[in-house]
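Everything below belongs to start17.cif, which stores mmCIF, C-alpha atoms.
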```cif
data_target
#
loop_
_atom_site.group_PDB
_atom_site.id
_atom_site.type_symbol
_atom_site.label_atom_id
_atom_site.label_comp_id
_atom_site.auth_asym_id
_atom_site.auth_seq_id
_atom_site.Cartn_x
_atom_site.Cartn_y
_atom_site.Cartn_z
ATOM 1 C CA MET T 1 37.796 10.137 27.234
ATOM 2 C CA SER T 2 34.723 12.157 28.319
ATOM 3 C CA VAL T 3 32.399 10.636 25.710
ATOM 4 C CA VAL T 4 31.699 6.927 25.380
ATOM 5 C CA THR T 5 29.919 5.041 22.575
ATOM 6 C CA LEU T 6 27.583 2.358 23.870
ATOM 7 C CA PHE T 7 25.011 -0.019 22.441
ATOM 8 C CA VAL T 8 21.598 0.407 24.045
ATOM 9 C CA ASP T 9 19.600 -2.809 24.043
ATOM 10 C CA SER T 10 16.046 -3.423 25.252
ATOM 11 C CA GLN T 11 12.940 -5.369 24.316
ATOM 12 C CA ASN T 12 11.756 -2.549 22.045
ATOM 13 C CA ALA T 13 14.972 -1.035 20.714
ATOM 14 C CA SER T 14 18.593 -1.632 19.852
ATOM 15 C CA SER T 15 20.826 1.228 18.799
ATOM 16 C CA GLU T 16 24.263 2.791 19.105
ATOM 17 C CA ARG T 17 24.457 5.941 21.239
ATOM 18 C CA ARG T 18 27.064 8.368 22.564
ATOM 19 C CA PHE T 19 26.923 9.528 26.169
ATOM 20 C CA GLN T 20 28.955 11.918 28.286
ATOM 21 C CA LYS T 21 30.619 10.101 31.167
ATOM 22 C CA SER T 22 29.720 13.123 33.293
ATOM 23 C CA LEU T 23 25.991 12.287 33.042
ATOM 24 C CA THR T 24 24.489 11.330 36.373
ATOM 25 C CA ILE T 25 22.674 8.012 36.350
ATOM 26 C CA SER T 26 19.366 9.818 36.817
ATOM 27 C CA GLU T 27 20.128 11.926 33.735
ATOM 28 C CA LEU T 28 21.168 8.815 31.840
ATOM 29 C CA LYS T 29 17.848 7.187 32.610
ATOM 30 C CA MET T 30 16.001 10.257 31.376
ATOM 31 C CA ARG T 31 17.977 10.051 28.111
ATOM 32 C CA LEU T 32 17.175 6.354 27.776
ATOM 33 C CA GLU T 33 13.426 6.710 28.360
ATOM 34 C CA PRO T 34 12.470 7.881 24.832
ATOM 35 C CA ILE T 35 14.897 5.346 23.329
ATOM 36 C CA VAL T 36 13.666 2.206 25.072
ATOM 37 C CA GLY T 37 10.128 3.266 25.980
ATOM 38 C CA ILE T 38 10.559 2.410 29.649
ATOM 39 C CA PRO T 39 9.899 5.084 32.308
ATOM 40 C CA SER T 40 13.103 6.142 34.025
ATOM 41 C CA SER T 41 11.692 5.115 37.407
ATOM 42 C CA ASP T 42 11.180 1.542 36.150
ATOM 43 C CA GLN T 43 14.503 1.075 34.376
ATOM 44 C CA ARG T 44 17.009 -1.559 35.414
ATOM 45 C CA ILE T 45 20.332 -1.035 33.621
ATOM 46 C CA THR T 46 22.985 -3.725 33.290
ATOM 47 C CA LEU T 47 26.392 -3.037 31.773
ATOM 48 C CA LEU T 48 27.565 -5.853 29.486
ATOM 49 C CA GLN T 49 30.819 -6.703 27.750
ATOM 50 C CA ASN T 50 29.428 -8.354 24.630
ATOM 51 C CA THR T 51 26.943 -10.697 26.336
ATOM 52 C CA THR T 52 28.736 -10.996 29.682
ATOM 53 C CA PRO T 53 27.263 -8.962 32.567
ATOM 54 C CA VAL T 54 29.783 -6.583 34.168
ATOM 55 C CA CYS T 55 27.674 -4.791 36.737
ATOM 56 C CA GLU T 56 24.321 -3.178 37.382
ATOM 57 C CA ILE T 57 24.095 0.580 37.029
ATOM 58 C CA PHE T 58 21.989 2.516 39.521
ATOM 59 C CA PRO T 59 22.037 6.005 41.000
ATOM 60 C CA SER T 60 23.522 6.809 44.387
ATOM 61 C CA GLU T 61 21.328 8.000 47.224
ATOM 62 C CA ASP T 62 22.500 11.567 46.830
ATOM 63 C CA GLY T 63 22.015 11.398 43.037
ATOM 64 C CA THR T 64 25.551 12.470 42.158
ATOM 65 C CA ARG T 65 26.892 9.181 40.823
ATOM 66 C CA MET T 66 27.928 9.553 37.184
ATOM 67 C CA LEU T 67 28.163 7.136 34.289
ATOM 68 C CA GLY T 68 31.957 7.409 34.447
ATOM 69 C CA TYR T 69 31.858 5.886 37.939
ATOM 70 C CA TYR T 70 31.321 2.533 36.240
ATOM 71 C CA PRO T 71 33.910 0.726 34.029
ATOM 72 C CA VAL T 72 32.274 1.806 30.795
ATOM 73 C CA GLU T 73 34.285 1.528 27.582
ATOM 74 C CA ASP T 74 33.440 2.089 23.945
ATOM 75 C CA TYR T 75 31.072 -0.431 22.414
ATOM 76 C CA MET T 76 29.959 -2.009 25.646
ATOM 77 C CA VAL T 77 26.227 -2.667 26.050
ATOM 78 C CA LEU T 78 23.625 -1.006 28.254
ATOM 79 C CA ASN T 79 20.896 -3.601 28.649
ATOM 80 C CA VAL T 80 17.726 -1.899 29.852
ATOM 81 C CA THR T 81 14.853 -3.909 31.303
ATOM 82 C CA SER T 82 11.748 -2.934 33.231
ATOM 83 C CA ALA T 83 11.231 -3.450 36.928
ATOM 84 C CA ASN T 84 7.516 -3.432 36.122
ATOM 85 C CA PRO T 85 6.995 -6.263 33.571
ATOM 86 C CA SER T 86 3.209 -5.887 33.548
ATOM 87 C CA ALA T 87 3.513 -2.318 32.264
ATOM 88 C CA LEU T 88 6.098 -3.384 29.685
ATOM 89 C CA GLN T 89 3.620 -5.788 28.112
ATOM 90 C CA HIS T 90 1.691 -2.770 26.867
ATOM 91 C CA LEU T 91 4.887 -1.295 25.381
ATOM 92 C CA ASN T 92 6.042 -4.282 23.369
ATOM 93 C CA PHE T 93 6.444 -2.693 19.946
ATOM 94 C CA ASN T 94 7.468 -6.025 18.411
ATOM 95 C CA ASP T 95 4.236 -7.813 19.326
ATOM 96 C CA ASP T 96 1.766 -7.030 16.554
ATOM 97 C CA SER T 97 -0.920 -9.062 18.338
ATOM 98 C CA GLN T 98 -1.440 -5.974 20.504
ATOM 99 C CA VAL T 99 -2.330 -3.879 17.447
ATOM 100 C CA GLU T 100 -6.031 -3.632 16.669
ATOM 101 C CA LYS T 101 -6.603 -4.800 13.113
ATOM 102 C CA PHE T 102 -9.451 -4.493 10.643
ATOM 103 C CA VAL T 103 -10.670 -7.994 9.838
ATOM 104 C CA MET T 104 -13.029 -8.793 6.950
ATOM 105 C CA ALA T 105 -14.773 -12.119 6.585
ATOM 106 C CA ASP T 106 -13.482 -14.120 3.637
ATOM 107 C CA GLU T 107 -16.995 -14.319 2.192
ATOM 108 C CA GLU T 108 -17.321 -10.525 2.189
ATOM 109 C CA TYR T 109 -13.854 -10.063 0.668
ATOM 110 C CA ASP T 110 -14.760 -12.549 -2.062
ATOM 111 C CA LYS T 111 -17.718 -10.381 -3.116
ATOM 112 C CA LEU T 112 -15.555 -7.316 -3.814
ATOM 113 C CA GLY T 113 -14.677 -6.656 -7.438
ATOM 114 C CA ASN T 114 -11.649 -4.384 -6.995
ATOM 115 C CA THR T 115 -9.332 -6.774 -5.156
ATOM 116 C CA VAL T 116 -6.262 -8.776 -6.157
ATOM 117 C CA ARG T 117 -8.314 -11.949 -5.817
ATOM 118 C CA ALA T 118 -10.972 -10.639 -8.197
ATOM 119 C CA PHE T 119 -8.305 -9.595 -10.699
ATOM 120 C CA LYS T 120 -6.683 -13.037 -10.604
ATOM 121 C CA ARG T 121 -10.065 -14.698 -10.977
ATOM 122 C CA ARG T 122 -10.977 -12.602 -14.038
ATOM 123 C CA HIS T 123 -7.634 -13.312 -15.691
ATOM 124 C CA ASN T 124 -7.317 -16.959 -14.651
ATOM 125 C CA MET T 125 -4.173 -16.402 -12.659
ATOM 126 C CA GLY T 126 -2.724 -18.249 -9.677
ATOM 127 C CA ARG T 127 -5.160 -20.714 -8.148
ATOM 128 C CA PHE T 128 -7.755 -19.654 -10.716
ATOM 129 C CA ALA T 129 -5.513 -20.612 -13.644
ATOM 130 C CA ASP T 130 -7.428 -23.791 -14.440
ATOM 131 C CA ALA T 131 -10.603 -21.714 -14.956
ATOM 132 C CA LYS T 132 -12.594 -24.551 -13.365
ATOM 133 C CA SER T 133 -13.557 -22.830 -10.162
ATOM 134 C CA ALA T 134 -17.293 -22.345 -9.827
ATOM 135 C CA MET T 135 -16.542 -18.817 -8.638
ATOM 136 C CA SER T 136 -14.378 -17.900 -11.622
ATOM 137 C CA ILE T 137 -15.648 -15.411 -14.172
ATOM 138 C CA ASP T 138 -15.449 -16.364 -17.833
ATOM 139 C CA GLU T 139 -13.090 -13.843 -19.369
ATOM 140 C CA GLU T 140 -14.975 -14.046 -22.670
ATOM 141 C CA ASP T 141 -18.084 -12.645 -20.976
ATOM 142 C CA GLU T 142 -16.258 -9.921 -19.041
ATOM 143 C CA PHE T 143 -18.298 -6.665 -18.989
ATOM 144 C CA LYS T 144 -21.239 -8.405 -20.692
ATOM 145 C CA LYS T 145 -23.814 -6.921 -18.301
ATOM 146 C CA GLU T 146 -22.454 -3.412 -18.776
ATOM 147 C CA ALA T 147 -22.441 -3.861 -22.576
ATOM 148 C CA GLU T 148 -26.103 -4.916 -22.641
ATOM 149 C CA LYS T 149 -27.089 -1.456 -21.379
ATOM 150 C CA ILE T 150 -25.422 0.332 -24.321
ATOM 151 C CA THR T 151 -27.150 0.750 -27.705
ATOM 152 C CA LEU T 152 -25.629 1.602 -31.077
ATOM 153 C CA GLY T 153 -25.941 5.194 -32.201
ATOM 154 C CA SER T 154 -26.293 6.563 -28.666
ATOM 155 C CA ARG T 155 -24.534 9.716 -27.618
ATOM 156 C CA CYS T 156 -22.123 8.940 -24.808
ATOM 157 C CA GLU T 157 -19.435 10.202 -22.499
ATOM 158 C CA VAL T 158 -16.273 8.199 -21.838
ATOM 159 C CA THR T 159 -14.494 8.378 -18.492
ATOM 160 C CA THR T 160 -10.732 8.742 -18.683
ATOM 161 C CA VAL T 161 -8.372 6.668 -16.552
ATOM 162 C CA ALA T 162 -7.541 9.739 -14.500
ATOM 163 C CA GLY T 163 -11.265 10.369 -14.071
ATOM 164 C CA GLU T 164 -10.786 14.121 -14.327
ATOM 165 C CA LEU T 165 -11.813 14.729 -17.976
ATOM 166 C CA LYS T 166 -14.469 13.204 -20.197
ATOM 167 C CA ARG T 167 -14.589 12.502 -23.916
ATOM 168 C CA ARG T 168 -17.799 12.616 -25.886
ATOM 169 C CA GLY T 169 -18.886 10.802 -28.990
ATOM 170 C CA VAL T 170 -21.252 8.249 -30.533
ATOM 171 C CA VAL T 171 -21.437 4.498 -29.899
ATOM 172 C CA ARG T 172 -20.595 2.710 -33.152
ATOM 173 C CA PHE T 173 -19.870 -0.818 -31.947
ATOM 174 C CA VAL T 174 -20.801 -3.021 -28.970
ATOM 175 C CA GLY T 175 -19.580 -6.597 -28.693
ATOM 176 C CA LYS T 176 -16.595 -8.922 -28.701
ATOM 177 C CA THR T 177 -13.414 -8.306 -30.663
ATOM 178 C CA GLN T 178 -10.433 -10.281 -31.909
ATOM 179 C CA PHE T 179 -7.798 -8.143 -30.185
ATOM 180 C CA ARG T 180 -8.879 -8.853 -26.578
ATOM 181 C CA PRO T 181 -11.408 -11.110 -24.799
ATOM 182 C CA GLY T 182 -14.591 -9.739 -23.309
ATOM 183 C CA PHE T 183 -16.960 -7.013 -24.455
ATOM 184 C CA TRP T 184 -15.817 -3.688 -25.892
ATOM 185 C CA VAL T 185 -17.488 -0.495 -27.061
ATOM 186 C CA GLY T 186 -16.346 1.242 -30.224
ATOM 187 C CA ILE T 187 -16.608 5.018 -29.971
ATOM 188 C CA GLU T 188 -16.497 7.645 -32.695
ATOM 189 C CA TYR T 189 -15.277 10.707 -30.827
ATOM 190 C CA ASP T 190 -16.387 14.217 -31.670
ATOM 191 C CA GLU T 191 -12.758 15.354 -31.720
ATOM 192 C CA PRO T 192 -9.569 13.711 -33.079
ATOM 193 C CA VAL T 193 -8.595 12.185 -29.735
ATOM 194 C CA GLY T 194 -8.980 8.556 -30.790
ATOM 195 C CA LYS T 195 -6.515 5.820 -31.699
ATOM 196 C CA ASN T 196 -7.880 4.514 -34.992
ATOM 197 C CA ASP T 197 -10.618 4.675 -37.651
ATOM 198 C CA GLY T 198 -12.673 1.826 -36.196
ATOM 199 C CA SER T 199 -10.160 -0.850 -37.163
ATOM 200 C CA VAL T 200 -7.658 -2.722 -34.964
ATOM 201 C CA ASP T 201 -4.967 -5.065 -36.320
ATOM 202 C CA GLY T 202 -6.515 -4.979 -39.782
ATOM 203 C CA VAL T 203 -10.014 -5.913 -38.599
ATOM 204 C CA SER T 204 -12.743 -3.307 -39.191
ATOM 205 C CA TYR T 205 -15.464 -3.032 -36.566
ATOM 206 C CA PHE T 206 -16.941 0.291 -37.728
ATOM 207 C CA LYS T 207 -15.998 3.193 -39.984
ATOM 208 C CA CYS T 208 -15.055 6.707 -38.957
ATOM 209 C CA VAL T 209 -12.538 9.454 -39.669
ATOM 210 C CA PRO T 210 -8.969 8.475 -38.656
ATOM 211 C CA GLU T 211 -8.025 9.411 -35.077
ATOM 212 C CA HIS T 212 -11.691 9.633 -34.104
ATOM 213 C CA GLY T 213 -12.195 5.962 -33.267
ATOM 214 C CA SER T 214 -11.322 4.042 -30.117
ATOM 215 C CA PHE T 215 -12.369 0.964 -28.173
ATOM 216 C CA VAL T 216 -13.014 1.117 -24.439
ATOM 217 C CA ARG T 217 -14.503 -1.155 -21.835
ATOM 218 C CA PRO T 218 -18.275 -0.756 -21.291
ATOM 219 C CA ASP T 219 -17.828 0.333 -17.681
ATOM 220 C CA LYS T 220 -16.099 3.488 -18.941
ATOM 221 C CA VAL T 221 -19.096 4.523 -21.095
ATOM 222 C CA THR T 222 -22.127 6.511 -19.953
ATOM 223 C CA VAL T 223 -24.991 6.823 -22.441
ATOM 224 C CA GLY T 224 -27.138 9.957 -22.356
ATOM 225 C CA ASP T 225 -27.751 13.449 -23.669
ATOM 226 C CA PHE T 226 -24.177 14.625 -24.215
ATOM 227 C CA PRO T 227 -23.891 17.379 -26.850
ATOM 228 C CA GLU T 228 -20.624 17.885 -28.672
ATOM 229 C CA GLU T 229 -17.848 19.835 -26.963
ATOM 230 C CA ASP T 230 -14.081 20.120 -27.358
ATOM 231 C CA LEU T 231 -12.204 17.771 -25.068
ATOM 232 C CA PHE T 232 -8.597 16.651 -25.341
ATOM 233 C CA ASP T 233 -7.064 14.162 -22.950
ATOM 234 C CA SER T 234 -4.388 11.467 -23.299
ATOM 235 C CA ASP T 235 -4.928 9.522 -20.073
ATOM 236 C CA LEU T 236 -7.430 6.955 -21.405
ATOM 237 C CA GLU T 237 -6.157 3.390 -21.831
ATOM 238 C CA GLU T 238 -7.515 2.256 -25.181
ATOM 239 C CA MET T 239 -7.059 -0.200 -28.026
#
```
Take the structure from the file and write it as C-alpha coordinates.
Amino acid sequence: MSVVTLFVDSQNASSERRFQKSLTISELKMRLEPIVGIPSSDQRITLLQNTTPVCEIFPSEDGTRMLGYYPVEDYMVLNVTSANPSALQHLNFNDDSQVEKFVMADEEYDKLGNTVRAFKRRHNMGRFADAKSAMSIDEEDEFKKEAEKITLGSRCEVTTVAGELKRRGVVRFVGKTQFRPGFWVGIEYDEPVGKNDGSVDGVSYFKCVPEHGSFVRPDKVTVGDFPEEDLFDSDLEEM
(Lines of atoms letter the chains of each structure in order from A and count residues from 1; the text may use other names and numbers.)
(Lines give C-alpha, C1' and ligand atoms only; values in the text may rest on other atoms or scores of the structure.)
Protein backbone atom coordinates (compact mmCIF):
# COMPACT_ATOMS: atom_id res chain seq x y z
CA MET A 1 0.00 0.00 0.00
CA SER A 2 1.43 3.42 -0.99
CA VAL A 3 -0.48 5.35 1.68
CA VAL A 4 -0.24 4.66 5.40
CA THR A 5 -2.40 5.99 8.25
CA LEU A 6 -0.37 6.95 11.30
CA PHE A 7 -0.99 8.63 14.63
CA VAL A 8 1.20 11.69 15.14
CA ASP A 9 1.96 12.33 18.79
CA SER A 10 3.90 15.19 20.37
CA GLN A 11 3.83 17.45 23.40
CA ASN A 12 1.53 19.90 21.62
CA ALA A 13 -0.58 17.71 19.35
CA SER A 14 -2.06 14.28 18.80
CA SER A 15 -3.85 13.45 15.58
CA GLU A 16 -4.41 10.83 12.90
CA ARG A 17 -2.73 11.52 9.55
CA ARG A 18 -2.23 9.85 6.18
CA PHE A 19 1.17 9.90 4.51
CA GLN A 20 2.56 8.62 1.23
CA LYS A 21 5.25 6.01 1.81
CA SER A 22 7.15 7.66 -1.04
CA LEU A 23 7.73 10.81 1.07
CA THR A 24 11.38 11.36 1.87
CA ILE A 25 12.10 11.79 5.56
CA SER A 26 12.99 15.43 4.96
CA GLU A 27 9.60 15.95 3.31
CA LEU A 28 7.91 14.11 6.15
CA LYS A 29 9.50 16.44 8.66
CA MET A 30 8.31 19.45 6.69
CA ARG A 31 4.76 18.03 6.78
CA LEU A 32 5.02 17.43 10.52
CA GLU A 33 6.28 20.92 11.39
CA PRO A 34 2.90 22.73 11.27
CA ILE A 35 1.25 19.78 13.03
CA VAL A 36 3.55 19.49 16.04
CA GLY A 37 5.01 23.00 16.13
CA ILE A 38 8.60 21.77 16.11
CA PRO A 39 11.01 22.99 13.40
CA SER A 40 11.93 20.21 11.01
CA SER A 41 15.62 20.64 11.84
CA ASP A 42 14.90 19.96 15.54
CA GLN A 43 12.58 16.99 15.13
CA ARG A 44 13.40 13.56 16.51
CA ILE A 45 10.94 10.96 15.19
CA THR A 46 10.40 7.57 16.81
CA LEU A 47 8.17 4.92 15.27
CA LEU A 48 6.04 3.12 17.87
CA GLN A 49 3.81 0.06 17.83
CA ASN A 50 1.23 1.17 20.39
CA THR A 51 3.65 2.33 23.11
CA THR A 52 6.59 0.10 22.16
CA PRO A 53 9.45 1.80 20.29
CA VAL A 54 10.25 0.15 16.94
CA CYS A 55 12.96 2.39 15.56
CA GLU A 56 14.06 5.97 15.12
CA ILE A 57 13.33 7.63 11.80
CA PHE A 58 15.95 9.93 10.30
CA PRO A 59 16.98 10.97 6.80
CA SER A 60 19.89 9.43 4.94
CA GLU A 61 22.95 11.48 4.10
CA ASP A 62 21.93 11.79 0.48
CA GLY A 63 18.35 12.71 1.48
CA THR A 64 16.67 9.99 -0.57
CA ARG A 65 15.49 7.72 2.23
CA MET A 66 11.70 7.43 2.18
CA LEU A 67 9.11 6.72 4.84
CA GLY A 68 8.49 3.32 3.25
CA TYR A 69 12.08 2.35 4.06
CA TYR A 70 10.92 1.84 7.64
CA PRO A 71 8.46 -0.90 8.80
CA VAL A 72 5.51 1.46 8.95
CA GLU A 73 2.02 -0.03 9.08
CA ASP A 74 -1.42 1.47 9.51
CA TYR A 75 -2.16 2.92 12.92
CA MET A 76 1.39 2.90 14.18
CA VAL A 77 2.59 6.02 16.01
CA LEU A 78 5.06 8.71 14.99
CA ASN A 79 6.28 10.19 18.25
CA VAL A 80 7.88 13.56 17.56
CA THR A 81 10.09 15.25 20.15
CA SER A 82 12.46 18.18 19.98
CA ALA A 83 16.22 17.94 19.98
CA ASN A 84 16.17 21.47 21.39
CA PRO A 85 14.11 21.26 24.63
CA SER A 86 14.79 24.87 25.60
CA ALA A 87 13.07 26.10 22.44
CA LEU A 88 10.17 23.70 22.99
CA GLN A 89 9.41 25.30 26.34
CA HIS A 90 8.23 28.37 24.45
CA LEU A 91 5.98 26.20 22.25
CA ASN A 92 4.14 24.31 24.96
CA PHE A 93 0.54 25.02 23.97
CA ASN A 94 -0.77 23.06 26.95
CA ASP A 95 0.96 25.23 29.56
CA ASP A 96 -1.34 28.18 30.18
CA SER A 97 1.16 29.63 32.67
CA GLN A 98 3.01 30.95 29.62
CA VAL A 99 -0.03 32.98 28.54
CA GLU A 100 -0.08 36.58 29.73
CA LYS A 101 -3.30 37.17 31.64
CA PHE A 102 -5.18 40.25 32.78
CA VAL A 103 -5.32 40.18 36.57
CA MET A 104 -7.58 42.45 38.64
CA ALA A 105 -7.21 42.87 42.37
CA ASP A 106 -10.11 41.36 44.29
CA GLU A 107 -10.80 44.71 45.95
CA GLU A 108 -11.17 46.42 42.57
CA TYR A 109 -13.39 43.63 41.22
CA ASP A 110 -15.58 43.92 44.31
CA LYS A 111 -16.28 47.59 43.52
CA LEU A 112 -17.73 46.85 40.07
CA GLY A 113 -21.51 46.80 39.81
CA ASN A 114 -21.94 44.80 36.59
CA THR A 115 -20.33 41.53 37.66
CA VAL A 116 -21.68 38.11 38.62
CA ARG A 117 -20.58 38.76 42.19
CA ALA A 118 -22.52 42.03 42.33
CA PHE A 119 -25.60 40.32 40.89
CA LYS A 120 -25.43 37.54 43.49
CA ARG A 121 -24.94 40.08 46.25
CA ARG A 122 -27.98 42.13 45.18
CA HIS A 123 -30.17 39.03 44.97
CA ASN A 124 -28.80 37.23 48.04
CA MET A 125 -27.54 34.28 46.08
CA GLY A 126 -24.71 31.84 46.75
CA ARG A 127 -22.46 32.94 49.59
CA PHE A 128 -24.57 36.08 49.97
CA ALA A 129 -27.76 34.08 50.60
CA ASP A 130 -27.79 34.77 54.33
CA ALA A 131 -27.91 38.52 53.61
CA LYS A 132 -25.64 39.07 56.63
CA SER A 133 -22.53 40.14 54.81
CA ALA A 134 -21.52 43.70 55.59
CA MET A 135 -20.92 44.16 51.87
CA SER A 136 -24.35 42.93 50.81
CA ILE A 137 -26.87 45.39 49.41
CA ASP A 138 -30.37 45.37 50.87
CA GLU A 139 -32.62 44.36 48.01
CA GLU A 140 -35.44 46.48 49.44
CA ASP A 141 -33.34 49.61 48.92
CA GLU A 142 -32.12 48.68 45.43
CA PHE A 143 -32.04 51.75 43.13
CA LYS A 144 -32.92 54.04 46.05
CA LYS A 145 -30.26 56.62 45.15
CA GLU A 146 -31.39 56.74 41.53
CA ALA A 147 -35.04 57.10 42.62
CA GLU A 148 -34.27 60.08 44.87
CA LYS A 149 -33.24 62.09 41.80
CA ILE A 150 -36.64 61.65 40.10
CA THR A 151 -39.64 63.86 40.92
CA LEU A 152 -43.32 63.26 40.21
CA GLY A 153 -44.77 65.05 37.21
CA SER A 154 -41.41 65.38 35.44
CA ARG A 155 -41.10 64.79 31.74
CA CYS A 156 -38.75 61.89 31.12
CA GLU A 157 -37.17 59.57 28.61
CA VAL A 158 -36.92 55.83 29.25
CA THR A 159 -34.03 53.79 27.87
CA THR A 160 -35.00 50.50 26.27
CA VAL A 161 -33.15 47.26 26.98
CA ALA A 162 -31.67 47.35 23.50
CA GLY A 163 -30.59 50.94 24.13
CA GLU A 164 -31.37 51.93 20.55
CA LEU A 165 -34.79 53.62 21.00
CA LYS A 166 -36.25 55.80 23.72
CA ARG A 167 -39.77 56.18 25.07
CA ARG A 168 -41.07 59.44 26.43
CA GLY A 169 -43.67 60.21 29.03
CA VAL A 170 -44.41 61.64 32.47
CA VAL A 171 -43.33 60.33 35.88
CA ARG A 172 -46.46 59.35 37.82
CA PHE A 173 -45.02 57.20 40.60
CA VAL A 174 -41.69 56.82 42.42
CA GLY A 175 -41.25 54.33 45.24
CA LYS A 176 -41.58 50.73 46.35
CA THR A 177 -44.19 48.31 45.03
CA GLN A 178 -45.76 45.02 46.04
CA PHE A 179 -44.84 43.16 42.86
CA ARG A 180 -41.04 43.37 43.24
CA PRO A 181 -38.55 44.60 45.88
CA GLY A 182 -36.63 47.82 45.45
CA PHE A 183 -37.59 51.17 43.96
CA TRP A 184 -39.60 51.56 40.76
CA VAL A 185 -40.77 54.45 38.61
CA GLY A 186 -44.28 54.49 37.18
CA ILE A 187 -44.41 56.10 33.74
CA GLU A 188 -47.39 57.36 31.77
CA TYR A 189 -46.16 57.12 28.20
CA ASP A 190 -47.16 59.56 25.50
CA GLU A 191 -48.06 56.66 23.20
CA PRO A 192 -49.82 53.32 23.86
CA VAL A 193 -46.58 51.38 24.33
CA GLY A 194 -47.11 50.54 27.99
CA LYS A 195 -48.17 47.39 29.82
CA ASN A 196 -50.96 48.62 32.08
CA ASP A 197 -53.03 51.57 33.36
CA GLY A 198 -50.88 52.19 36.43
CA SER A 199 -52.01 49.02 38.20
CA VAL A 200 -50.15 45.72 38.67
CA ASP A 201 -51.73 42.57 40.14
CA GLY A 202 -54.80 44.51 41.21
CA VAL A 203 -52.86 47.21 43.07
CA SER A 204 -53.19 50.77 41.72
CA TYR A 205 -50.13 52.99 41.94
CA PHE A 206 -51.36 55.75 39.60
CA LYS A 207 -54.07 56.28 37.00
CA CYS A 208 -53.66 56.58 33.25
CA VAL A 209 -55.16 55.39 29.98
CA PRO A 210 -54.77 51.61 29.47
CA GLU A 211 -51.58 50.59 27.64
CA HIS A 212 -49.93 53.89 28.53
CA GLY A 213 -48.60 52.87 31.93
CA SER A 214 -45.48 50.91 32.84
CA PHE A 215 -43.03 50.45 35.69
CA VAL A 216 -39.28 50.57 35.11
CA ARG A 217 -36.19 50.72 37.25
CA PRO A 218 -34.97 54.25 38.09
CA ASP A 219 -31.67 53.74 36.29
CA LYS A 220 -33.59 53.51 33.01
CA VAL A 221 -35.22 56.94 33.48
CA THR A 222 -33.74 60.30 32.49
CA VAL A 223 -35.64 63.40 33.64
CA GLY A 224 -35.49 66.52 31.48
CA ASP A 225 -37.05 68.57 28.71
CA PHE A 226 -38.42 65.81 26.49
CA PRO A 227 -41.36 66.94 24.32
CA GLU A 228 -43.83 64.39 23.05
CA GLU A 229 -42.94 62.33 19.99
CA ASP A 230 -44.10 59.03 18.49
CA LEU A 231 -41.97 56.11 19.60
CA PHE A 232 -42.81 52.43 19.43
CA ASP A 233 -40.50 49.76 20.77
CA SER A 234 -41.06 46.35 22.39
CA ASP A 235 -37.59 45.66 23.79
CA LEU A 236 -38.10 47.19 27.26
CA GLU A 237 -38.35 44.76 30.18
CA GLU A 238 -41.22 46.06 32.29
CA MET A 239 -43.80 45.13 34.90
### Summary
In Å and to one decimal, atom CA of Pro85 of chain T is distant from atom CA of Val4 of chain T by 29.2 Å
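Using all atoms listed in the file, the shortest contact distance between Thr51 of chain T and any of T:Leu23, T:Pro71, T:Ser15, T:Phe7 is found at T:Phe7.
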### Message
For the provided coordinates, the residues matched by the PyMOL selection byres ((chain T and resi 46) around 6) should be stated as a list in words.
### Response
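What the PyMOL selection byres ((chain T and resi 46) around 6) grabs from the file is Ile45, Leu47, Cys55, Glu56, Ile57, Leu78 and Asn79 of chain T.
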### Residues returned when the PyMOL selection byres ((chain T and resi 225) around 10) runs on this file, as a ChimeraX atom specification
/T:154-157,222-224,226-228
### Query
If you count all atoms listed in the file, which residues fall within 9 Å of Phe143 of chain T, apart from same-chain ones fewer than 5 positions away, as a PyMOL selection string?
chain T and resi 148+182-184+217-219
### Query
Hey, which of T:Leu48, T:Val221, T:Val203, T:Ile25 ends up closest to Arg167 of chain T? Count all atoms listed in the file.
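Closest residue, counting all atoms listed in the file: T:Val221.
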